[in-house]
Amino acid sequence: MFTGSMVALATPMFADGSLDWDSLRNLVEWHIEQGTRALVTVGTTGESATLDVHEHVEMIRRVVDQVAGRIPVIAGTGANSTTEAIDLTENATRCGADACLLVTPYYNKPSQEGLYQHYLAIARAVAIPQILYNVPARTAVDMLPDTVLRLATIGNIVGIKEATGDLARARVLLDTLPEGFAVYSGDDSTALELMLMGGHGDISVTANVAPAAVAQMCEAALAGDAVTAQAIDQRIQILHKVLFLESNPIPVKWALREMGRIDGGIRLPLTSLSPQHHATVREALRSAGIL
């Protein structure tokens with residue numbers, strides 16, 4: 001089982017939108033040094049929606065090669081076409097990823113039965129461990145607990161990234177899912193509470209800019225040390241908020257550029273962080289001890 005702080009890795013780009021492989025290598029090394037427990041590449045934060053298939057697969061391959069088995073690599077391979085999701089998942093398997101993260105099909109709004117059949121088809125087609133990803137605020141479809149429970153009986157579906165921020169929903173999942181099926185937070189603001197309830201980790205946006213703090217918070221929470229975990233989380237709560245002032249990954253990429261970690265390029269239709277938010281994000285980085 002994958003546990004702890006799993007960074008939803010931003011994809012470094014130059015100002016013209018081309019991929020910055022040198023910065024990617026540096027980010028990977030930094031995260032490993034800072035205690036990140038797994039890298040989640042080409043997910044939402046990794047701008048998977050604007051990478052072409054070749055770039056998507058190349059990102060996975062380069063991260064896997066750079067990590068060289070030191071920590072797990074989880075590849076985002078979801079799509080709103082089941083055939084495309086299977087193809088990406090097959091490619092991630094060939095690249096050597098340890099697992100795949102599959103977002104619910106977006107825009108076409110399938111029924112709960114459609115969601116079940118979508119994930120069943122991918123699991124049957126590719127043997128790699130697979131993590132469901134529910135983020136209705138971005139996909140316009142909500143995978144309900146009953147559907148998750150049906151899918152949890154499939155051997156290579158091993159967990160869910162629940163990004164609703166709804167702790168009542170998380171409680172239902174934790175109480176009903178079979179032992180060994182992992183529930184991960186996909187919402188930094190409520191990740192601590194979810195882990196103290198019995199969740200298994202945080203697939204984190206905030207960890208892009210504060211990897212050591214998020215890693216330490218997760219380790220404390222998973223050990224049941226609520227006092228230590230809460231003290232750490234209190235220092236970075238401001239980041240959980242300001243990194244979503246505009247659509248992710250706009251603020252986090254601007255913050256990483258401010259930290260000197262990446263060039264800061266981002267692909268249309270996303271644009272760089274609005275100037276009105278610059279001072280707010282900069283002050284949050286200072287408050288969290290990052291700048």
# chains A, B, ... in the order shown; residues from 1 in each chain; ligands from 1
$ residues_around --residues "Arg261 of chain A" --least-positions-apart "4" --cutoff "7 Å" --atoms "only C-alpha atoms" --output "list in words"
Ser23, Leu256 and Arg257 of chain A
$ closest_atom_pairs --of "segment 132-220 of chain A" --to "segment 29-45 of chain A" --cutoff "12 Å" --atoms "only C-alpha atoms" --output "tab-separated table"
residue	atom	partner	partner_atom	distance
A:Tyr133	CA	A:Gly43	CA	9.9
A:Asn134	CA	A:Thr44	CA	11.7
A:Val135	CA	A:Thr44	CA	10.0
A:Arg138	CA	A:Thr44	CA	9.3
A:Thr139	CA	A:Thr44	CA	10.7
A:Lys161	CA	A:Val40	CA	11.4
A:Ala163	CA	A:Thr44	CA	11.6
A:Gly186	CA	A:Thr44	CA	10.9
A:His200	CA	A:Arg37	CA	11.7
A:Gly201	CA	A:Arg37	CA	9.4
A:Asp202	CA	A:Arg37	CA	10.0
A:Ile203	CA	A:Val40	CA	7.6
A:Ser204	CA	A:Val40	CA	9.1
A:Val205	CA	A:Thr45	CA	7.2
A:Thr206	CA	A:Thr45	CA	10.6
A:Ala207	CA	A:Thr36	CA	8.0
A:Asn208	CA	A:His31	CA	8.2
A:Val209	CA	A:His31	CA	9.6
A:Ala210	CA	A:Gln34	CA	8.8
A:Pro211	CA	A:Gln34	CA	5.9
A:Ala212	CA	A:Gln34	CA	4.8
A:Ala213	CA	A:Gln34	CA	8.6
A:Val214	CA	A:Thr36	CA	8.1
A:Ala215	CA	A:Thr36	CA	5.7
A:Gln216	CA	A:Gly35	CA	7.8
A:Met217	CA	A:Gly35	CA	11.0
A:Cys218	CA	A:Arg37	CA	9.8
A:Glu219	CA	A:Arg37	CA	9.8
$ closest_residue --among "A:Met59, A:Ile266, A:Leu243, A:Leu115" --to "Val281 of chain A" --atoms "only C-alpha atoms"
A:Leu243
$ atom_distance --atom1 "atom CA of Arg94 of chain A" --atom2 "atom CA of Pro178 of chain A"
29.2 Å
$ select_by_dssp --residues "segment 62-214 of chain A" --states "alpha helix (DSSP H)" --output "PyMOL selection string"
chain A and resi 62-67+82-95+112-125+136-139+145-151+167-176+188-196+211-214
$ select_by_dssp --residues "segment 4-218 of chain A" --states "strand (DSSP E)" --output "number ranges by chain"
A: 4-8, 38-41, 73-76, 99-103, 130-134, 157-162, 182-185, 201-204
$ write_last_selection --atoms "C-alpha atoms" --output "tab-separated table (two decimals), in the first residue's frame"
chain	number	residue	atom	x	y	z
A	4	GLY	CA	1.98	9.30	3.44
A	5	SER	CA	2.65	12.43	1.43
A	6	MET	CA	2.27	11.86	-2.31
A	7	VAL	CA	2.89	15.03	-4.26
A	8	ALA	CA	0.64	15.77	-7.23
A	38	ALA	CA	5.44	8.92	-3.70
A	39	LEU	CA	5.29	11.04	-6.85
A	40	VAL	CA	2.03	11.37	-8.75
A	41	THR	CA	2.85	12.56	-12.24
A	73	VAL	CA	5.68	6.58	-9.02
A	74	ILE	CA	1.94	6.81	-9.62
A	75	ALA	CA	0.99	7.83	-13.15
A	76	GLY	CA	-2.15	9.78	-13.98
A	99	ALA	CA	0.41	2.32	-10.01
A	100	CYS	CA	-2.00	4.48	-11.98
A	101	LEU	CA	-4.39	7.21	-10.85
A	102	LEU	CA	-7.59	7.33	-12.91
A	103	VAL	CA	-9.83	10.38	-12.70
A	130	GLN	CA	-5.12	1.32	-9.96
A	131	ILE	CA	-6.37	4.18	-7.77
A	132	LEU	CA	-9.75	5.76	-8.42
A	133	TYR	CA	-9.91	9.56	-8.41
A	134	ASN	CA	-13.11	11.40	-7.53
A	157	ILE	CA	-8.25	-1.48	-7.87
A	158	VAL	CA	-6.47	-0.68	-4.63
A	159	GLY	CA	-7.62	2.75	-3.46
A	160	ILE	CA	-9.38	6.03	-4.06
A	161	LYS	CA	-8.27	9.64	-4.06
A	162	GLU	CA	-11.33	11.37	-2.60
A	182	ALA	CA	-6.73	2.72	0.67
A	183	VAL	CA	-8.54	6.05	1.04
A	184	TYR	CA	-6.40	9.05	0.19
A	185	SER	CA	-7.22	12.71	0.63
A	201	GLY	CA	-2.24	9.55	2.93
A	202	ASP	CA	-2.54	12.83	1.06
A	203	ILE	CA	-2.16	13.26	-2.69
A	204	SER	CA	-1.13	16.83	-2.21
$ atom_distance --atom1 "atom CA of Phe181 of chain A" --atom2 "atom CA of Ala152 of chain A"
7.0 Å
$ residues_around --residues "Arg282 of chain A" --least-positions-apart "2" --cutoff "10 Å" --atoms "only C-alpha atoms" --output "ChimeraX atom specification"
/A:242,254-255,258-259,277-280,284-287,290-291
$ closest_residue --among "A:Leu245, A:Ala127, A:Leu194, A:Val28" --to "Leu222 of chain A" --atoms "only C-alpha atoms"
A:Leu194
$ atom_distance --atom1 "atom CA of Ala97 of chain A" --atom2 "atom CA of Ala125 of chain A"
16.0 Å
$ residues_around --residues "Gly114 of chain A" --least-positions-apart "4" --cutoff "12 Å" --atoms "only C-alpha atoms" --output "PDB file with N, CA and C atoms, in the first residue's frame"
ATOM      1  N   ASN A  80     -11.625  10.731 -20.442  1.00  0.00           N
ATOM      2  CA  ASN A  80     -13.070  10.557 -20.568  1.00  0.00           C
ATOM      3  C   ASN A  80     -13.434   9.567 -21.665  1.00  0.00           C
ATOM      4  N   SER A  81     -12.445   8.990 -22.304  1.00  0.00           N
ATOM      5  CA  SER A  81     -12.617   7.868 -23.219  1.00  0.00           C
ATOM      6  C   SER A  81     -12.003   6.634 -22.571  1.00  0.00           C
ATOM      7  N   THR A  82     -12.792   5.593 -22.414  1.00  0.00           N
ATOM      8  CA  THR A  82     -12.282   4.378 -21.786  1.00  0.00           C
ATOM      9  C   THR A  82     -11.122   3.801 -22.585  1.00  0.00           C
ATOM     10  N   THR A 104     -12.247  10.248 -12.721  1.00  0.00           N
ATOM     11  CA  THR A 104     -13.537   9.916 -13.322  1.00  0.00           C
ATOM     12  C   THR A 104     -13.665  10.593 -14.685  1.00  0.00           C
ATOM     13  N   PRO A 105     -14.297   9.941 -15.645  1.00  0.00           N
ATOM     14  CA  PRO A 105     -14.466  10.546 -16.975  1.00  0.00           C
ATOM     15  C   PRO A 105     -15.193  11.889 -16.875  1.00  0.00           C
ATOM     16  N   ASN A 108     -18.447  14.128 -20.251  1.00  0.00           N
ATOM     17  CA  ASN A 108     -19.557  13.338 -20.788  1.00  0.00           C
ATOM     18  C   ASN A 108     -20.512  12.817 -19.716  1.00  0.00           C
ATOM     19  N   LYS A 109     -20.174  12.988 -18.426  1.00  0.00           N
ATOM     20  CA  LYS A 109     -21.088  12.761 -17.301  1.00  0.00           C
ATOM     21  C   LYS A 109     -21.759  11.383 -17.336  1.00  0.00           C
ATOM     22  N   PRO A 110     -21.001  10.307 -17.214  1.00  0.00           N
ATOM     23  CA  PRO A 110     -21.597   8.977 -17.200  1.00  0.00           C
ATOM     24  C   PRO A 110     -22.427   8.735 -15.937  1.00  0.00           C
ATOM     25  N   HIS A 118     -16.632   1.569 -16.828  1.00  0.00           N
ATOM     26  CA  HIS A 118     -15.395   2.231 -17.273  1.00  0.00           C
ATOM     27  C   HIS A 118     -14.194   1.678 -16.501  1.00  0.00           C
ATOM     28  N   TYR A 119     -14.283   1.709 -15.181  1.00  0.00           N
ATOM     29  CA  TYR A 119     -13.165   1.251 -14.365  1.00  0.00           C
ATOM     30  C   TYR A 119     -12.978  -0.262 -14.446  1.00  0.00           C
ATOM     31  N   LEU A 120     -14.057  -0.988 -14.563  1.00  0.00           N
ATOM     32  CA  LEU A 120     -13.953  -2.435 -14.715  1.00  0.00           C
ATOM     33  C   LEU A 120     -13.185  -2.787 -15.992  1.00  0.00           C
ATOM     34  N   ALA A 121     -13.482  -2.074 -17.074  1.00  0.00           N
ATOM     35  CA  ALA A 121     -12.815  -2.347 -18.347  1.00  0.00           C
ATOM     36  C   ALA A 121     -11.315  -2.074 -18.253  1.00  0.00           C
ATOM     37  N   VAL A 141     -18.884  15.015 -12.457  1.00  0.00           N
ATOM     38  CA  VAL A 141     -19.468  13.706 -12.159  1.00  0.00           C
ATOM     39  C   VAL A 141     -18.938  13.256 -10.799  1.00  0.00           C
ATOM     40  N   ASP A 142     -19.842  12.744  -9.972  1.00  0.00           N
ATOM     41  CA  ASP A 142     -19.487  12.334  -8.613  1.00  0.00           C
ATOM     42  C   ASP A 142     -19.632  10.820  -8.496  1.00  0.00           C
ATOM     43  N   MET A 143     -18.528  10.141  -8.186  1.00  0.00           N
ATOM     44  CA  MET A 143     -18.572   8.696  -7.989  1.00  0.00           C
ATOM     45  C   MET A 143     -19.019   8.416  -6.553  1.00  0.00           C
ATOM     46  N   THR A 147     -20.754   2.923  -5.596  1.00  0.00           N
ATOM     47  CA  THR A 147     -19.989   2.555  -6.792  1.00  0.00           C
ATOM     48  C   THR A 147     -18.553   2.217  -6.416  1.00  0.00           C
TER      49      THR A 147
END
$ closest_residue --among "A:Ala191, A:Val227, A:Ala123, A:Cys95" --to "His240 of chain A" --atoms "only C-alpha atoms"
A:Ala191
$ closest_residue --among "A:Glu246, A:Asp22, A:Glu113, A:Glu283" --to "Leu270 of chain A" --atoms "only C-alpha atoms"
A:Glu246
$ closest_residue --among "A:Leu19, A:Pro251, A:Pro72, A:Asn26" --to "Leu239 of chain A" --atoms "only C-alpha atoms"
A:Pro251
$ closest_residue --among "A:Thr83, A:Ala221, A:Ala137, A:Gln276" --to "Gly198 of chain A" --atoms "only C-alpha atoms"
A:Ala221
$ residues_around --residues "Asp87 of chain A" --least-positions-apart "6" --cutoff "10 Å" --atoms "only C-alpha atoms" --output "list in words"
Val53, Thr77, Gly78, Ala79, Ser81, Thr93, Ile122, Ala125 and Val126 of chain A
